[in-house]
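Reading through the structure tokens given below for one structure.
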Amino acid sequence: MTSLRHTFDRLIAEGSLRRDPAQDAVLPEFDRIREALLQPVKRGLFRKAPEPPKGLYLWGGVGRGKSMLMDMFVEHMGDVPARRVHFHAFMQEIHSAMHEARKTGVDDAIAPVAADVSAKVRLLAFDEMQITDITDAMIVGRLFEKLFADGVVVVTTSNRVPDDLYKDGLNRNLFEPFIELIKERMVVHELSSPTDYRQDRLAGEDVFFFPVNATSRAAMDAVWNDLAGQPGAPLTLHVKGREVFIPAFHNGMARAKFHALCGQPLGAADYLALAQAVRVLMLDDIPCLGRDNFNEAKRFVILIDALYEARVRLICSAAAKPEMLYLEGEGAFEFERTASRLREMQAADWGQLSEAP
């Protein structure tokens, strides 16, 4: 089969990609894993299964092409049972499966869940590994230990170096063996490209559309289609027993209507979790704000603060330009700071200083 290197060079020659030395440097790691997994497994009564290749932990700043390379890699795996999934979505599935396993009375709910995953795939490709929830932190080490023991190869992207996973998290010392497991079973490679390709595509483009009408909605759809390239799948974040539902998510991009995020009883912790989980948020249909929707306005302010501090790229459609969104009622004066942040977040280079969520 055609190597990833050959496909990469062909796409560059066609003009679909441009040469990037940092991306070039990681291609041998992908081809190493691919060639090992494509080798036929010789079976026999006394034959020992071959040792699986080390996986790959590919980390670096946002927009450097990590997800693009991983997607290309998975597409070239031929008949190898492989699955590509966002890490948050995968952990949601694990939690649900463990809940069902506990109903059967098992002492260790992780064991049957890990066995089921191992029976279905030889390669797991995760997009954007990050640990922000203590429940995930307590599960992930034992889960991956069993997957590795079963010969599953893991490839993942992340914005964080392994040592910074679950940084400053509660009971982090219990999580640290998982970091060592990553270093043992995966090659850790930094994709240190100076170019933020996602940012380049947005440079000079409008990211704040008003008023809300057919034209602005079409513009939002066009941006999503250009950057995401597909409808996206729902994503649910679990935060301290609550759920934050994102209707559309793909490759670090999320899209939701104003009411879905600000019309629900969410708070700072929810918005912080969202800001850690996404790199671009598209927010549709922001209304004019005032005394009639004061609670929604307060949540919107908290949301913008969380996105601003995490330097998440915001693209939105609104009833008016930032300075005209909140003209009267309690909180109008305080909203001037939010309007200023909304203006700042429209800059072409917004988010380039952020190398990690």
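Following the order of the structure tokens, chains are lettered A, B, ..., residues in each are numbered from 1, and ligands are numbered from 1.
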Based on DSSP run over this structure's backbone, return all residues of stretch 103-293 of chain A in helix (DSSP H, G or I), as an MDAnalysis selection string.
chainID A and resid 110:120 134:149 162:164 172:174 176:185 197:202 214:227 258:262 268:277 291:293
Contacts of A:Leu56 at 10 Å or less, counting only C-alpha atoms, minus same-chain residues fewer than 3 places along, as a PyMOL selection string?
chain A and resi 26+29-30+33+53+59+125+153-157+182-183+185-189
Go ahead and write the residues just picked, C-alpha atoms, as a JSON list (two decimals), in the first residue's frame.
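again-v8.json, freshly written:
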[["chain", "number", "residue", "atom", "x", "y", "z"],
["A", 26, "VAL", "CA", 6.82, 13.07, 12.18],
["A", 29, "GLU", "CA", 6.69, 7.66, 13.14],
["A", 30, "PHE", "CA", 3.32, 7.17, 11.47],
["A", 33, "ILE", "CA", 3.38, 2.10, 13.22],
["A", 53, "PRO", "CA", 4.80, -1.30, 18.02],
["A", 59, "TRP", "CA", 1.79, 17.22, 20.89],
["A", 125, "ALA", "CA", -6.45, 7.16, 17.38],
["A", 153, "VAL", "CA", -1.71, 0.55, 19.76],
["A", 154, "VAL", "CA", -2.61, 4.12, 20.70],
["A", 155, "VAL", "CA", -1.91, 7.24, 18.66],
["A", 156, "THR", "CA", -3.03, 10.54, 20.11],
["A", 157, "THR", "CA", -2.71, 14.27, 19.57],
["A", 182, "ILE", "CA", 2.55, 6.99, 28.11],
["A", 183, "LYS", "CA", 6.32, 7.53, 27.98],
["A", 185, "ARG", "CA", 4.40, 2.65, 25.53],
["A", 186, "MET", "CA", 4.33, 5.63, 23.17],
["A", 187, "VAL", "CA", 6.88, 7.74, 21.34],
["A", 188, "VAL", "CA", 6.44, 11.34, 22.51],
["A", 189, "HIS", "CA", 6.99, 13.73, 19.58]]
Option closest in space to A:Pro21, from A:His99, A:Arg160, A:Arg64, A:Lys146 [counting only C-alpha atoms]:
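Nearest to A:Pro21: A:Arg64.
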So that I can check the surroundings of stretch 299-308 of chain A, please list as number ranges by chain every protein, DNA and RNA residue that reaches within 10 Å of it, counting only C-alpha atoms and ignoring chain neighbours fewer than 2 positions away.
A: 258-259, 261-276, 278-281, 286, 289, 294-297, 310-314, 331, 334-335, 337-339, 341-342, 344-345, 350-351
What gap, in Å, lies between atom CA of A:Thr2 and atom CA of A:Gln230?
25.5 Å
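Backbone DSSP over stretch 86-199 of chain A gives strand (DSSP E or B) for His86, Leu123, Leu124, Ala125, Phe126, Asp127, Val153, Val154, Val155, Thr156, Thr157, Ser158, Met186, Val187, Val188, His189 and Glu190 of chain A.
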File dump, residues just selected, N, CA and C atoms, as a PDB file, in the first residue's frame:
ATOM      1  N   HIS A  86     -12.584  11.461  19.134  1.00  0.00           N
ATOM      2  CA  HIS A  86     -12.127  12.513  20.027  1.00  0.00           C
ATOM      3  C   HIS A  86     -12.034  11.958  21.440  1.00  0.00           C
ATOM      4  N   LEU A 123      -5.929  -0.522  16.646  1.00  0.00           N
ATOM      5  CA  LEU A 123      -5.392   0.832  16.692  1.00  0.00           C
ATOM      6  C   LEU A 123      -6.477   1.790  17.178  1.00  0.00           C
ATOM      7  N   LEU A 124      -6.161   2.556  18.204  1.00  0.00           N
ATOM      8  CA  LEU A 124      -7.036   3.628  18.683  1.00  0.00           C
ATOM      9  C   LEU A 124      -6.334   4.949  18.408  1.00  0.00           C
ATOM     10  N   ALA A 125      -7.011   5.844  17.687  1.00  0.00           N
ATOM     11  CA  ALA A 125      -6.450   7.162  17.384  1.00  0.00           C
ATOM     12  C   ALA A 125      -7.317   8.213  18.068  1.00  0.00           C
ATOM     13  N   PHE A 126      -6.731   8.904  19.038  1.00  0.00           N
ATOM     14  CA  PHE A 126      -7.460   9.909  19.807  1.00  0.00           C
ATOM     15  C   PHE A 126      -7.058  11.298  19.360  1.00  0.00           C
ATOM     16  N   ASP A 127      -8.050  12.160  19.203  1.00  0.00           N
ATOM     17  CA  ASP A 127      -7.773  13.556  18.928  1.00  0.00           C
ATOM     18  C   ASP A 127      -7.896  14.336  20.233  1.00  0.00           C
ATOM     19  N   VAL A 153      -2.653  -0.544  19.998  1.00  0.00           N
ATOM     20  CA  VAL A 153      -1.710   0.549  19.759  1.00  0.00           C
ATOM     21  C   VAL A 153      -2.480   1.864  19.811  1.00  0.00           C
ATOM     22  N   VAL A 154      -1.943   2.832  20.521  1.00  0.00           N
ATOM     23  CA  VAL A 154      -2.613   4.121  20.696  1.00  0.00           C
ATOM     24  C   VAL A 154      -1.801   5.230  20.041  1.00  0.00           C
ATOM     25  N   VAL A 155      -2.485   6.028  19.235  1.00  0.00           N
ATOM     26  CA  VAL A 155      -1.914   7.243  18.662  1.00  0.00           C
ATOM     27  C   VAL A 155      -2.799   8.386  19.118  1.00  0.00           C
ATOM     28  N   THR A 156      -2.207   9.436  19.631  1.00  0.00           N
ATOM     29  CA  THR A 156      -3.031  10.541  20.107  1.00  0.00           C
ATOM     30  C   THR A 156      -2.374  11.877  19.805  1.00  0.00           C
ATOM     31  N   THR A 157      -3.202  12.898  19.650  1.00  0.00           N
ATOM     32  CA  THR A 157      -2.714  14.270  19.570  1.00  0.00           C
ATOM     33  C   THR A 157      -3.056  14.961  20.885  1.00  0.00           C
ATOM     34  N   SER A 158      -2.306  15.995  21.188  1.00  0.00           N
ATOM     35  CA  SER A 158      -2.572  16.777  22.393  1.00  0.00           C
ATOM     36  C   SER A 158      -1.917  18.134  22.254  1.00  0.00           C
ATOM     37  N   MET A 186       4.544   4.756  24.313  1.00  0.00           N
ATOM     38  CA  MET A 186       4.326   5.629  23.167  1.00  0.00           C
ATOM     39  C   MET A 186       5.558   6.494  22.938  1.00  0.00           C
ATOM     40  N   VAL A 187       5.848   6.771  21.673  1.00  0.00           N
ATOM     41  CA  VAL A 187       6.883   7.744  21.338  1.00  0.00           C
ATOM     42  C   VAL A 187       6.289   9.135  21.504  1.00  0.00           C
ATOM     43  N   VAL A 188       6.920   9.971  22.295  1.00  0.00           N
ATOM     44  CA  VAL A 188       6.443  11.338  22.508  1.00  0.00           C
ATOM     45  C   VAL A 188       7.170  12.254  21.521  1.00  0.00           C
ATOM     46  N   HIS A 189       6.401  12.915  20.657  1.00  0.00           N
ATOM     47  CA  HIS A 189       6.985  13.727  19.582  1.00  0.00           C
ATOM     48  C   HIS A 189       6.308  15.093  19.570  1.00  0.00           C
ATOM     49  N   GLU A 190       7.113  16.135  19.605  1.00  0.00           N
ATOM     50  CA  GLU A 190       6.566  17.494  19.528  1.00  0.00           C
ATOM     51  C   GLU A 190       6.502  17.954  18.079  1.00  0.00           C
TER      52      GLU A 190
END
Please provide the set of residues having any atom within 10 Å of A:Ile94, restricted to only C-alpha atoms, with same-chain residues fewer than 4 positions apart removed, written as a PDB file with C-alpha atoms, in the first residue's frame.
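Result file is part.pdb:
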ATOM      1  CA  HIS A  88     -13.665  13.413  25.319  1.00  0.00           C
ATOM      2  CA  ALA A  89     -16.189  11.380  23.324  1.00  0.00           C
ATOM      3  CA  PHE A  90     -14.281   8.165  23.991  1.00  0.00           C
ATOM      4  CA  MET A  98     -18.792   1.026  32.994  1.00  0.00           C
ATOM      5  CA  HIS A  99     -22.205   2.065  34.288  1.00  0.00           C
ATOM      6  CA  GLU A 100     -23.796  -0.810  32.361  1.00  0.00           C
ATOM      7  CA  ALA A 109     -16.111  -2.515  35.765  1.00  0.00           C
ATOM      8  CA  ILE A 110     -13.012  -1.422  33.831  1.00  0.00           C
ATOM      9  CA  VAL A 113     -15.077  -2.526  29.160  1.00  0.00           C
ATOM     10  CA  ALA A 114     -11.386  -2.608  28.214  1.00  0.00           C
ATOM     11  CA  VAL A 117     -12.597  -2.209  23.221  1.00  0.00           C
ATOM     12  CA  ASP A 136     -11.350  10.488  34.027  1.00  0.00           C
ATOM     13  CA  ILE A 139      -9.974   5.681  35.302  1.00  0.00           C
ATOM     14  CA  VAL A 140      -7.651   6.361  32.394  1.00  0.00           C
ATOM     15  CA  LEU A 143      -7.974   1.456  31.299  1.00  0.00           C
TER      16      LEU A 143
END
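Distance annotation: of A:Pro231, A:Pro211, A:Ala347, A:Asp284, the residue with the minimal separation from A:Ala319 is A:Pro211; atom set is only C-alpha atoms.
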Kindly indicate which residue among A:Ser317, A:Asn293, A:Gln346, A:Ser16 lies nearest to A:Gly329, using only C-alpha atoms for the distances.
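Counting only C-alpha atoms, the residue closest to A:Gly329 is A:Asn293.
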